[in-house]
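S.K.: Quick one: the structure is below, questions incoming.
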Amino acid sequence: MSIRPSQTKRGREWLTNFADSEQSTATLLLDSLQFVNATQVKDGLRSRIEEVGPRFRGEKCLLLPVLSIEDIDRQVECVKKYSRYTGSPFDASNEDPAGLSQDCRGYNTKTRHVAYLTFEPGVFIPATPGSEAAVASLLREFTGERPESNGYQWLHPASTLSELREHRCHVIVLATDYIGSGRQVLEFAATLARNPRLRSWRSFGRLKFVVVAYAASERGRRALNSARDVDATFIYRPAPSFRDAYWTPEERQAIEEMCLKYTPKRKKFEALGHKGSAGLFVAPDSVPNNIPYILRRVQSGWRHFFNNRSFPADLRHELNQYDPPLRDPARLATIANQQRLARALQSGDVRMPADRLIAVLALMNASAQTCESLTHQLGLPDDDIAAMLKFLERSGMITGSMTVTPRGRQEIHSARRLNRVSTAGLAGSMENYYPRTLRWGAEWGI
């Protein structure tokens, strides 16, 4: 049986940082974190990449791991040092074919990177990579080790612009393990969109930018869905955040106040994570900067949980089998303002997995929903939610536009009535029952 984060050695030590009155709040924050291991990320990301192939009917796809601007800067610096010490003119701009640099005169390449001009997206990964190395390792399963060993549909990350044109590449897949605010993915996609060749291919409808990720927050999904440099997204599962955490408004307020209280003044802007994104997802290779600062805080006199942005080996071992509990359907019914349905679900009269289907119907009946919003509210992978919606549509309970039908409303009504059962109160007793007062006798005073 797996243990909760608050029960680990580091978790128990971290909780001692707080006053007794704050222990329950700190425990709730810690146990709301979602941890995944490397195998889960690899399998989920692989399934999403495999989904891209049939979706684009066998068209050639370039696979690229998403790099941060900081990693690109380090790449450029490493290339400069290599050229200085070896005397080799190895530089992305020196391999620019047909005067591509002249086409980029509208961009300040000293401050804004342009893919295949100021850096090579898939040739080089920094010496101290984070999750990018794990993602790149997975991509090699599809493309082979070297560009010349390209798979049937997949092009190696190190492919050049000339090779993309030669193979008639129509899709560039940007792969990452986790999307928090979406900033890193959008910045990397922008470096590709600035390239005049790629921009030209996209304008003629010959190239698409697709993002594939294991997990994404609701905020990150919205950012990608509205981005002009992203044409499609394939996400395996939701990543929780304060916005969709399983807390009451009072609990959320208490947690936010605690995060602000125990964050040093110079780090107040990180109290709720990067740009206040307040994430609760932790990847296996590094700790995202969008989780609350008090979880990453390393300071004298403070018993830390994570070691800044690194995931301690002992903690990873203890939480290797940890799986957060599923969302309670009764509470989801309460959110949908279905109090009687919530009581029926809580009483156990509606059994799994029908209880989740009823909860989904109640949420959709209360307000307009999308597959993504249901994914985050139930905390289930996208495929599971899609399967539920498909079943409800085939059963005639919802329409193709995700509107609850009269039959679906009747199902909600029937579920509400499941707990309205009258009994004589004899459960657990074998004694004979004799009425003390008859109704007709009571009217006559007998």
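Letters for chains follow the order of the structure tokens (A, B, ...), residue numbers begin at 1 for each chain, and ligand numbers begin at 1 in the order shown.
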Could you name the residues that touch region 235-245 of chain A at 9 Å or less, counting only C-alpha atoms, but leaving out those on the same chain fewer than 5 positions away, as a ChimeraX atom specification?

M.R.: /A:32-34,44-45,47-48,178-180,211-219,221,252,256,277-282,291,372,375-377,379-383

S.K.: List the neighbours of region 408-410 of chain A out to 8 Å using only C-alpha atoms; skip same-chain residues closer than 2 positions along the sequence, and give me the result as a list in words.

M.R.: Leu361, Asn365, Gly396, Met397, Ile398, Val404, Thr405, Pro406, Ile412, His413 and Ser414 of chain A

S.K.: Go through A:Ile172, A:Val298, A:Leu62, A:Ile3 one by one, measure the shortest atom-to-atom distance of each to Leu207 (chain A) using only C-alpha atoms, and give the residue with the smallest value.

M.R.: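 Using only C-alpha atoms, Leu207 (chain A) sits closest to A:Ile172.
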
S.K.: Using DSSP secondary structure from the backbone, list all strand (DSSP E or B) positions within region 283-327 of chain A, as a list in words.

M.R.: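 Filtering region 283-327 of chain A down to strand (DSSP E or B) leaves Gln299, Trp302, Asn307 and Ser310 of chain A.
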
S.K.: Could you work out how far CA of Thr39 (chain A) lies from CA of Pro121 (chain A), giving the answer in Å with one decimal?

M.R.: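 We find that CA of Pro121 (chain A) and CA of Thr39 (chain A) lie 25.4 Å from each other.
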
S.K.: In Å, with one decimal, what is the gap from CA of Arg297 (chain A) to CA of Val135 (chain A)?

M.R.: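 Going from CA of Arg297 (chain A) over to CA of Val135 (chain A), I get 27.0 Å.
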
S.K.: Which residue gives the smallest distance to Gln7 (chain A) among A:Ala362, A:Ala115, A:Ser367, A:Leu319, with only C-alpha atoms counted?

M.R.: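 Counting only C-alpha atoms, the residue closest to Gln7 (chain A) is A:Leu319.
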
S.K.: Which neighbours of region 63-76 of chain A fall inside 7 Å, counting only C-alpha atoms, when residues of the same chain fewer than 5 positions from it are skipped, and could you give them as a list in words?

M.R.: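 Surrounding residues, per the criterion: Phe119, Gly122, Phe124, Ile125, Pro126, Glu132, Val135, Ala136, Leu139, Trp154, Leu155, His156, Pro157, Ile172, Val173, Leu174, Ala175, Thr176, Gln184, Val185 and Phe188 of chain A.
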
S.K.: Name the residues in contact with Met258 (chain A) at a cut-off of 10 Å, using only C-alpha atoms, excluding same-chain residues fewer than 6 positions from it; report them as number ranges by chain.

M.R.: A: 18, 22, 25-26, 29, 252, 271, 294

S.K.: Those selected residues, please, written with C-alpha atoms and delivered as a PDB file, in the first residue's frame.

M.R.:
```
ATOM      1  CA  PHE A  18       4.180  25.104  10.683  1.00  0.00           C
ATOM      2  CA  GLU A  22      -1.730  25.086  10.410  1.00  0.00           C
ATOM      3  CA  THR A  25      -3.796  22.963   5.999  1.00  0.00           C
ATOM      4  CA  ALA A  26      -0.163  22.075   5.270  1.00  0.00           C
ATOM      5  CA  LEU A  29      -1.503  20.980   0.385  1.00  0.00           C
ATOM      6  CA  ARG A 252      -8.083  27.131  -0.717  1.00  0.00           C
ATOM      7  CA  ALA A 271       4.664  32.248  -3.405  1.00  0.00           C
ATOM      8  CA  ILE A 294       7.315  26.756   0.302  1.00  0.00           C
TER       9      ILE A 294
END
```
